[in-house]
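S.K.: Input structure: upload-v9.cif, which contains mmCIF, C-alpha atoms and all ligand atoms.
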```
data_final
loop_
_atom_site.label_atom_id
_atom_site.label_comp_id
_atom_site.auth_asym_id
_atom_site.auth_seq_id
_atom_site.Cartn_x
_atom_site.Cartn_y
_atom_site.Cartn_z
CA MET A 124 2.82 6.01 21.14
CA LEU A 125 1.46 3.14 23.22
CA LYS A 126 0.98 -0.18 21.47
CA LYS A 127 -2.71 -0.55 20.71
CA LYS A 128 -4.61 -3.53 22.04
CA ASN A 129 -3.97 -6.62 19.90
CA SER A 130 -2.19 -4.63 17.21
CA MET A 131 -0.01 -6.57 14.81
CA THR A 132 3.72 -5.96 15.33
CA VAL A 133 6.66 -6.11 12.96
CA PRO A 134 8.26 -9.20 14.61
CA GLU A 135 4.90 -11.01 14.36
CA PHE A 136 4.93 -10.44 10.60
CA LYS A 137 7.78 -12.87 10.05
CA LYS A 138 6.73 -15.33 12.72
CA LYS A 139 3.16 -15.53 11.45
CA PHE A 140 3.63 -15.40 7.71
CA LYS A 141 6.98 -16.93 6.69
CA ASN A 142 6.91 -20.65 6.04
CA THR A 143 3.79 -21.08 8.15
CA GLY A 144 1.30 -21.72 5.38
CA LYS A 145 -0.69 -18.68 6.52
CA LYS A 146 -0.98 -15.95 3.88
CA LEU A 147 -0.45 -12.32 4.77
CA VAL A 148 -3.22 -10.02 3.53
CA VAL A 149 -2.45 -6.35 3.04
CA VAL A 150 -4.62 -3.62 1.58
CA THR A 151 -4.26 0.12 1.19
CA ALA A 152 -6.42 2.63 3.06
CA TYR A 153 -6.29 6.39 3.24
CA ASP A 154 -8.96 7.46 5.72
CA ALA A 155 -10.71 6.55 8.96
CA LEU A 156 -13.91 5.14 7.45
CA PHE A 157 -12.22 2.58 5.23
CA THR A 158 -9.67 1.72 7.94
CA LYS A 159 -12.54 0.62 10.16
CA ILE A 160 -14.12 -1.42 7.35
CA VAL A 161 -10.78 -3.06 6.49
CA GLU A 162 -10.25 -4.01 10.14
CA GLN A 163 -13.79 -5.37 10.45
CA ALA A 164 -12.90 -7.67 7.55
CA GLY A 165 -10.07 -9.06 9.70
CA ILE A 166 -7.21 -7.62 7.64
CA GLU A 167 -4.10 -7.16 9.75
CA ALA A 168 -1.87 -4.84 7.74
CA ILE A 169 -2.79 -1.52 6.13
CA LEU A 170 -0.57 0.32 3.71
CA VAL A 171 -1.16 4.05 3.45
CA GLY A 172 0.09 3.96 -0.12
CA ASP A 173 1.21 6.89 -2.22
CA SER A 174 -1.27 5.40 -4.70
CA LEU A 175 -3.54 7.96 -3.02
CA GLY A 176 -2.04 10.41 -5.51
CA VAL A 177 -3.95 8.59 -8.24
CA VAL A 178 -7.08 7.22 -6.56
CA VAL A 179 -7.77 10.05 -4.08
CA GLN A 180 -6.11 13.10 -5.64
CA GLY A 181 -6.82 12.23 -9.28
CA LYS A 182 -3.23 12.69 -10.47
CA PRO A 183 -1.85 10.67 -13.41
CA ASN A 184 0.88 9.07 -11.23
CA THR A 185 2.31 9.12 -7.70
CA LEU A 186 5.18 11.52 -8.32
CA SER A 187 3.58 14.71 -7.01
CA VAL A 188 2.48 13.25 -3.68
CA THR A 189 4.14 15.14 -0.82
CA MET A 190 5.25 14.26 2.71
CA GLU A 191 2.48 16.53 3.97
CA ASP A 192 -0.14 14.55 2.00
CA MET A 193 1.23 11.23 3.24
CA LEU A 194 1.47 12.28 6.88
CA TYR A 195 -2.09 13.63 6.82
CA HIS A 196 -3.50 10.34 5.53
CA THR A 197 -1.22 8.25 7.76
CA ARG A 198 -2.61 10.10 10.80
CA LEU A 199 -6.19 9.44 9.69
CA VAL A 200 -5.53 5.72 9.28
CA ALA A 201 -3.34 5.29 12.37
CA GLN A 202 -5.83 7.06 14.61
CA SER A 203 -8.63 4.70 13.67
CA ALA A 204 -6.68 1.46 13.30
CA GLU A 205 -7.14 -0.71 16.36
CA HIS A 206 -5.39 -3.96 15.57
CA SER A 207 -3.52 -3.69 12.29
CA LEU A 208 0.03 -2.74 11.47
CA VAL A 209 -0.08 0.62 9.66
CA ILE A 210 2.67 1.14 7.09
CA GLY A 211 3.32 4.65 5.76
CA ASP A 212 4.56 4.91 2.19
CA MET A 213 7.46 7.32 1.63
CA PRO A 214 6.65 9.61 -1.31
CA PHE A 215 8.91 10.47 -4.23
CA MET A 216 11.86 12.69 -3.20
CA SER A 217 11.41 12.10 0.54
CA TYR A 218 14.25 9.54 0.71
CA GLN A 219 16.19 9.87 -2.55
CA VAL A 220 18.46 12.85 -1.80
CA SER A 221 20.38 11.66 1.26
CA VAL A 222 20.41 9.05 4.00
CA GLU A 223 19.96 11.81 6.56
CA GLU A 224 16.86 13.24 4.91
CA ALA A 225 15.47 9.74 4.40
CA VAL A 226 15.82 8.86 8.10
CA ARG A 227 14.34 12.18 9.21
CA ASN A 228 11.32 11.77 6.93
CA ALA A 229 10.84 8.11 7.85
CA GLY A 230 10.77 9.10 11.52
CA LYS A 231 7.89 11.49 10.80
CA PHE A 232 5.72 8.56 9.72
CA LEU A 233 6.27 6.84 13.06
CA GLN A 234 5.48 10.11 14.83
CA ALA A 235 2.24 10.23 12.81
CA GLY A 236 1.27 6.83 14.19
CA ALA A 237 2.57 4.35 11.61
CA GLY A 238 4.30 1.21 12.84
CA ALA A 239 6.58 0.96 9.80
CA ILE A 240 7.44 2.68 6.54
CA LYS A 241 7.69 1.47 2.96
CA LEU A 242 10.07 2.71 0.29
CA GLU A 243 10.77 1.75 -3.30
CA GLY A 244 14.06 0.61 -4.78
CA GLY A 245 16.91 -1.89 -4.76
CA SER A 246 20.62 -1.17 -4.44
CA GLN A 247 20.07 2.60 -4.36
CA VAL A 248 18.24 2.35 -1.00
CA PHE A 249 20.31 -0.27 0.89
CA ASP A 250 22.05 2.43 2.95
CA ARG A 251 18.69 4.08 3.73
CA VAL A 252 17.17 0.79 4.89
CA LYS A 253 20.21 0.04 7.03
CA ALA A 254 20.20 3.47 8.68
CA MET A 255 16.44 3.43 9.33
CA THR A 256 16.37 -0.02 10.87
CA ARG A 257 19.41 0.85 13.01
CA PHE A 258 17.41 3.71 14.47
CA GLY A 259 14.31 1.62 15.12
CA ILE A 260 12.28 2.41 12.01
CA PRO A 261 10.96 -0.84 10.47
CA VAL A 262 11.16 -0.88 6.69
CA MET A 263 9.01 -2.67 4.13
CA ALA A 264 10.99 -2.72 0.87
CA HIS A 265 9.44 -2.65 -2.62
CA ILE A 266 11.04 -3.85 -5.87
CA GLY A 267 9.91 -4.82 -9.37
CA MET A 268 7.68 -2.32 -11.14
CA THR A 269 8.16 0.54 -8.68
CA PRO A 270 5.68 3.28 -9.69
CA GLN A 271 7.93 6.17 -8.64
CA SER A 272 10.30 5.10 -11.46
CA VAL A 273 7.57 5.08 -14.11
CA ASN A 274 9.41 7.66 -16.24
CA GLN A 275 12.61 5.63 -16.17
CA TYR A 276 10.74 2.45 -17.13
CA GLY A 277 8.66 4.15 -19.85
CA GLY A 278 5.33 2.99 -18.42
CA TYR A 279 3.80 0.48 -16.01
CA LYS A 280 5.33 -2.70 -17.39
CA VAL A 281 6.23 -6.06 -15.93
CA ARG A 282 9.85 -6.21 -14.65
CA GLY A 283 12.23 -9.15 -14.43
CA LYS A 284 11.36 -11.06 -17.60
CA GLU A 285 14.96 -10.87 -18.82
CA LYS A 286 17.59 -13.02 -17.11
CA ASP A 287 19.84 -10.09 -16.03
CA GLN A 288 16.95 -8.12 -14.60
CA ALA A 289 15.66 -11.19 -12.76
CA GLN A 290 19.11 -11.92 -11.31
CA GLU A 291 19.48 -8.30 -10.21
CA MET A 292 16.11 -8.51 -8.45
CA ILE A 293 17.11 -11.69 -6.59
CA GLU A 294 20.29 -9.97 -5.43
CA ASP A 295 18.40 -6.82 -4.44
CA ALA A 296 15.94 -8.89 -2.42
CA LYS A 297 18.76 -10.59 -0.50
CA ALA A 298 20.57 -7.32 0.10
CA LEU A 299 17.40 -5.59 1.31
CA GLU A 300 16.87 -8.41 3.78
CA ALA A 301 20.50 -8.10 4.91
CA ALA A 302 20.04 -4.33 5.29
CA GLY A 303 17.22 -5.03 7.75
CA ALA A 304 13.93 -4.84 5.79
CA PHE A 305 11.22 -6.85 7.57
CA SER A 306 9.20 -7.60 4.42
CA LEU A 307 9.36 -7.08 0.68
CA ILE A 308 6.74 -6.06 -1.87
CA LEU A 309 7.19 -7.56 -5.34
CA GLU A 310 5.21 -5.61 -7.93
CA ALA A 311 4.49 -6.77 -11.48
CA VAL A 312 7.12 -9.50 -11.73
CA PRO A 313 6.77 -12.97 -13.26
CA ALA A 314 5.26 -15.51 -10.85
CA SER A 315 8.26 -17.84 -11.17
CA LEU A 316 10.69 -15.07 -10.22
CA ALA A 317 8.52 -14.12 -7.23
CA GLN A 318 8.54 -17.80 -6.21
CA THR A 319 12.36 -17.93 -6.38
CA ILE A 320 12.73 -14.74 -4.35
CA THR A 321 10.21 -16.00 -1.79
CA LYS A 322 12.26 -19.19 -1.35
CA GLU A 323 15.60 -17.35 -1.19
CA ILE A 324 14.83 -14.86 1.56
CA SER A 325 13.60 -15.31 5.11
CA ILE A 326 11.36 -12.23 5.30
CA PRO A 327 7.77 -12.34 3.98
CA THR A 328 7.25 -11.38 0.34
CA ILE A 329 4.04 -9.56 -0.56
CA GLY A 330 2.95 -9.74 -4.16
CA ILE A 331 0.99 -7.36 -6.32
CA GLY A 332 0.94 -8.78 -9.81
CA ALA A 333 3.57 -11.30 -8.72
CA GLY A 334 1.58 -14.53 -8.80
CA PRO A 335 0.38 -16.88 -6.07
CA HIS A 336 3.67 -18.02 -4.52
CA CYS A 337 4.40 -14.95 -2.40
CA ASP A 338 3.89 -15.08 1.37
CA GLY A 339 1.14 -12.49 1.04
CA GLN A 340 -0.75 -10.21 -1.31
CA VAL A 341 -1.49 -6.50 -1.43
CA LEU A 342 -4.01 -4.57 -3.54
CA VAL A 343 -5.13 -0.98 -3.78
CA LEU A 344 -8.42 -0.79 -1.88
CA TYR A 345 -10.31 1.26 -4.47
CA ASP A 346 -9.26 -1.18 -7.21
CA LEU A 347 -10.44 -4.27 -5.38
CA LEU A 348 -13.73 -2.61 -4.43
CA GLY A 349 -14.39 -1.56 -8.01
CA LEU A 350 -14.45 2.11 -7.07
CA PHE A 351 -11.61 3.18 -9.34
CA ASP A 352 -11.83 1.98 -12.91
CA ASP A 353 -9.88 4.60 -14.91
CA PHE A 354 -7.05 2.12 -15.27
CA LEU A 355 -7.23 -1.51 -14.20
CA PRO A 356 -3.99 -3.52 -14.34
CA LYS A 357 -4.19 -7.22 -15.29
CA PHE A 358 -3.43 -8.25 -11.71
CA VAL A 359 -6.44 -6.51 -10.14
CA LYS A 360 -9.51 -8.55 -9.32
CA PRO A 361 -12.51 -6.36 -8.48
CA TYR A 362 -14.32 -8.09 -5.60
CA ALA A 363 -17.16 -5.54 -5.69
CA HIS A 364 -18.55 -2.91 -8.03
CA LEU A 365 -18.96 0.03 -5.71
CA LYS A 366 -18.69 2.64 -8.45
CA ALA A 367 -21.69 1.12 -10.22
CA ASP A 368 -23.60 0.92 -6.91
CA ALA A 369 -22.73 4.54 -6.09
CA LEU A 370 -23.85 5.71 -9.51
CA GLN A 371 -27.14 3.88 -9.20
CA ALA A 372 -27.78 5.33 -5.73
CA LEU A 373 -26.92 8.88 -6.77
CA ARG A 374 -29.09 8.71 -9.89
CA ARG A 375 -32.03 7.44 -7.83
CA TYR A 376 -31.52 10.19 -5.24
CA LYS A 377 -31.47 12.85 -7.98
CA GLU A 378 -34.56 11.41 -9.61
CA GLU A 379 -36.50 11.21 -6.34
CA VAL A 380 -35.63 14.78 -5.27
CA GLU A 381 -36.56 16.08 -8.70
CA CYS A 382 -39.94 14.33 -8.77
CA GLY A 383 -40.77 15.10 -5.10
CA LYS A 384 -40.55 11.49 -3.90
CA PHE A 385 -37.84 12.35 -1.36
CA PRO A 386 -38.08 13.36 1.44
CA THR A 387 -41.32 11.77 2.61
CA ASP A 388 -43.06 12.28 5.91
CA SER A 389 -40.85 9.69 7.61
CA GLU A 390 -37.72 11.61 6.67
CA SER A 391 -39.15 14.86 8.06
CA TYR A 392 -39.24 16.34 11.62
CA HIS A 393 -42.57 17.14 13.24
O1 LIG B 1 1.14 3.00 -3.18
C1 LIG B 1 0.68 1.86 -3.09
O2 LIG B 1 -0.51 1.68 -2.85
C2 LIG B 1 1.60 0.74 -3.25
C3 LIG B 1 1.07 -0.64 -3.28
C4 LIG B 1 0.00 -0.90 -4.21
C5 LIG B 1 2.12 -1.67 -3.31
O3 LIG B 1 2.76 0.96 -3.34
#
```
Could you spell out this file's structure in C-alpha cells?
Ligand code: KIV
M.R.:
Amino acid sequence: MLKKKNSMTVPEFKKKFKNTGKKLVVVTAYDALFTKIVEQAGIEAILVGDSLGVVVQGKPNTLSVTMEDMLYHTRLVAQSAEHSLVIGDMPFMSYQVSVEEAVRNAGKFLQAGAGAIKLEGGSQVFDRVKAMTRFGIPVMAHIGMTPQSVNQYGGYKVRGKEKDQAQEMIEDAKALEAAGAFSLILEAVPASLAQTITKEISIPTIGIGAGPHCDGQVLVLYDLLGLFDDFLPKFVKPYAHLKADALQALRRYKEEVECGKFPTDSESYH
C-alpha cells in the first residue's frame, strides 16, 4: 500500500515523542466516521483496539473477538485515515499458539491497511515481537493490566504494586524494546513505575491508567466521549457526554413524531 499523504510513520513516533517534550496522543477508533472525526481533531495515531469486543459488540470482555472482526474494523479505519498511523490490535489466540501463526496473523493487519500491530504480554511474546519486526511488521507492545489475561488476574486490577511484579515489568519493557517493539503501552500500573519504565527505555511509552509521566496517553474513544458508561475505570476522564445527548435527541424525535410535530413542511418534498 502506498504511504498516504502526510501519514505518521513508525520511525517518526520515536523521533517526535521520545525526550522531545511533545506528548503522543492515541485514541481507539473502529469505523470510518469516527476515524475522520479523530483526524479532524489532529490526533496522529489510531488504535483499532480489541476493546471493540466490549464497546461495539457488547461482550463482557475482549476474549471472543476474532481475527475476522479485527480485520474488518481495521479496514474501515485504514481506508478513511489520511494522516494517522493505524495500529491493529491482535485478538486473543491470534498470536499465542506459535511464532509462525503470530507472524502470519500480524501480516494480515498490514495487508488490511494498518501501519503496525499491537499485542499484549511480556516475556511470553519476546520471540513473536522479534520475528515480526525482522519481517517488517512494526510492533506496539502492551504490558501491565493486559485485558486478554483478565481470567488469570481475577479481574481488571492495577498491576505492579508489589516489588517483584514491578521489577518484572521493568525487565519486560527493556526486553520488548530489545526485541524490536517501537512503542509500549502501560495499562493500569502505578504512576511511579510508569515513570521509571519511561526513563529506562528509549521507545515511547503510552499510558492508560499509568499516570502523567508516560511519553503519551491512550484512551478508548467511547469512554472519553461519554458514550459507553456500563463500566468506567478510574483512569477514564469523559470529555463529553454523548450518551446523554443521544438519549435526549432520540426522546425528542420520538415525542415529535408521536405528536405530529415532525416532519413539518420544510422537511417534506413538494
Ligand atoms: O483494546 C484497546 O482498546 C486497548 C487500549 C485501550 C490500550 O488495548
S.K.: One decimal, in Å: what's the spacing between CA of Gln340 (chain A) and atom O1 of ligand LIG 1 (chain B)?
M.R.: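 Those two atoms sit 13.5 Å apart.
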S.K.: I'd like the neighbourhood of Gly259 (chain A) as an mmCIF file with C-alpha atoms, keeping the file's coordinate frame, where a residue qualifies if any of its atoms comes within 12 Å (using all atoms listed in the file), though same-chain residues fewer than 3 positions away should be ignored.
M.R.:
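What follows is the written file part20.cif:
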```cif
data_model
loop_
_atom_site.group_PDB
_atom_site.id
_atom_site.type_symbol
_atom_site.label_atom_id
_atom_site.label_comp_id
_atom_site.auth_asym_id
_atom_site.auth_seq_id
_atom_site.Cartn_x
_atom_site.Cartn_y
_atom_site.Cartn_z
ATOM 1 C CA VAL A 133 6.660 -6.110 12.960
ATOM 2 C CA VAL A 226 15.820 8.860 8.100
ATOM 3 C CA ALA A 229 10.840 8.110 7.850
ATOM 4 C CA GLY A 230 10.770 9.100 11.520
ATOM 5 C CA LEU A 233 6.270 6.840 13.060
ATOM 6 C CA GLY A 238 4.300 1.210 12.840
ATOM 7 C CA ALA A 239 6.580 0.960 9.800
ATOM 8 C CA ILE A 240 7.440 2.680 6.540
ATOM 9 C CA VAL A 252 17.170 0.790 4.890
ATOM 10 C CA LYS A 253 20.210 0.040 7.030
ATOM 11 C CA ALA A 254 20.200 3.470 8.680
ATOM 12 C CA MET A 255 16.440 3.430 9.330
ATOM 13 C CA THR A 256 16.370 -0.020 10.870
ATOM 14 C CA VAL A 262 11.160 -0.880 6.690
ATOM 15 C CA GLY A 303 17.220 -5.030 7.750
ATOM 16 C CA ALA A 304 13.930 -4.840 5.790
ATOM 17 C CA PHE A 305 11.220 -6.850 7.570
#
```
S.K.: Counting all atoms listed in the file, which residues sit no farther than 10 Å from the position (14.4, -12.2, -13.4) in the file's frame? I'd like them as number ranges by chain.
M.R.: A: 267, 282-293, 312-313, 315-317, 319-320
S.K.: I'd like the neighbourhood of region 358-369 of chain A as a ChimeraX atom specification, where a residue qualifies if any of its atoms comes within 9 Å (using all atoms listed in the file), though same-chain residues fewer than 5 positions away should be ignored.
M.R.: /A:311,331-334,342-343,345-352,374
S.K.: In Å, how far is it from CA of Asp154 (chain A) to CA of Val200 (chain A)?
M.R.: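 Interatomic distance, CA of Asp154 (chain A) to CA of Val200 (chain A): 5.2 Å.
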S.K.: Give as a VMD selection string the set of residues within 6 Å of the point (6.4, -20.7, -8.6), where distances use the file's coordinates and only C-alpha atoms.
M.R.: chain A and resid 314 to 315 318 336
S.K.: Given the selection you just returned, output its residues as a file containing C-alpha atoms, formatted as a CSV table (one decimal), in the frame of the given file.
M.R.:
```
chain,number,residue,atom,x,y,z
A,314,ALA,CA,5.3,-15.5,-10.8
A,315,SER,CA,8.3,-17.8,-11.2
A,318,GLN,CA,8.5,-17.8,-6.2
A,336,HIS,CA,3.7,-18.0,-4.5
```
S.K.: For ligand LIG 1 (chain B), list the contacting residues at 10 Å or closer, counting only C-alpha atoms and all ligand atoms, as an MDAnalysis selection string.
M.R.: chainID A and resid 149:153 169:178 185 211:214 241:243 264:266 268:271 307:311 329:332 340:346
S.K.: Would you work out the distance separating CA of His196 (chain A) from CA of Lys231 (chain A), expressed in Å to one decimal?
M.R.: 12.6 Å
S.K.: Box for region 256-271 of chain A - axis-aligned, 5 Å on each of the six sides, all listed atoms - centre and size in Å to one decimal, as lines of an AutoDock Vina configuration file.
M.R.:
```
center_x = 12.5
center_y = 0.7
center_z = 2.0
size_x = 23.7
size_y = 21.0
size_z = 36.3
```
S.K.: Determine the nearest neighbour of Arg251 (chain A) from the options A:Leu373, A:Leu299, A:Gln275, A:Thr143, counting all atoms listed in the file.
M.R.: A:Leu299
S.K.: Contacts of Thr132 (chain A) at 12 Å or less, counting all atoms listed in the file, minus same-chain residues fewer than 4 places along, as a ChimeraX atom specification?
M.R.: /A:126-128,136-139,167-168,206-210,237-239,261,305
S.K.: Which of these residues is nearest to Met216 (chain A), using only C-alpha atoms: A:Ala372, A:Leu186, A:Ala204, A:Met193?
M.R.: A:Leu186
S.K.: Can you work out which one of A:Ala296, A:Cys382, A:Ala201, A:Leu370 has the shortest atom-to-atom distance to Leu156 (chain A), counting only C-alpha atoms?
M.R.: A:Ala201
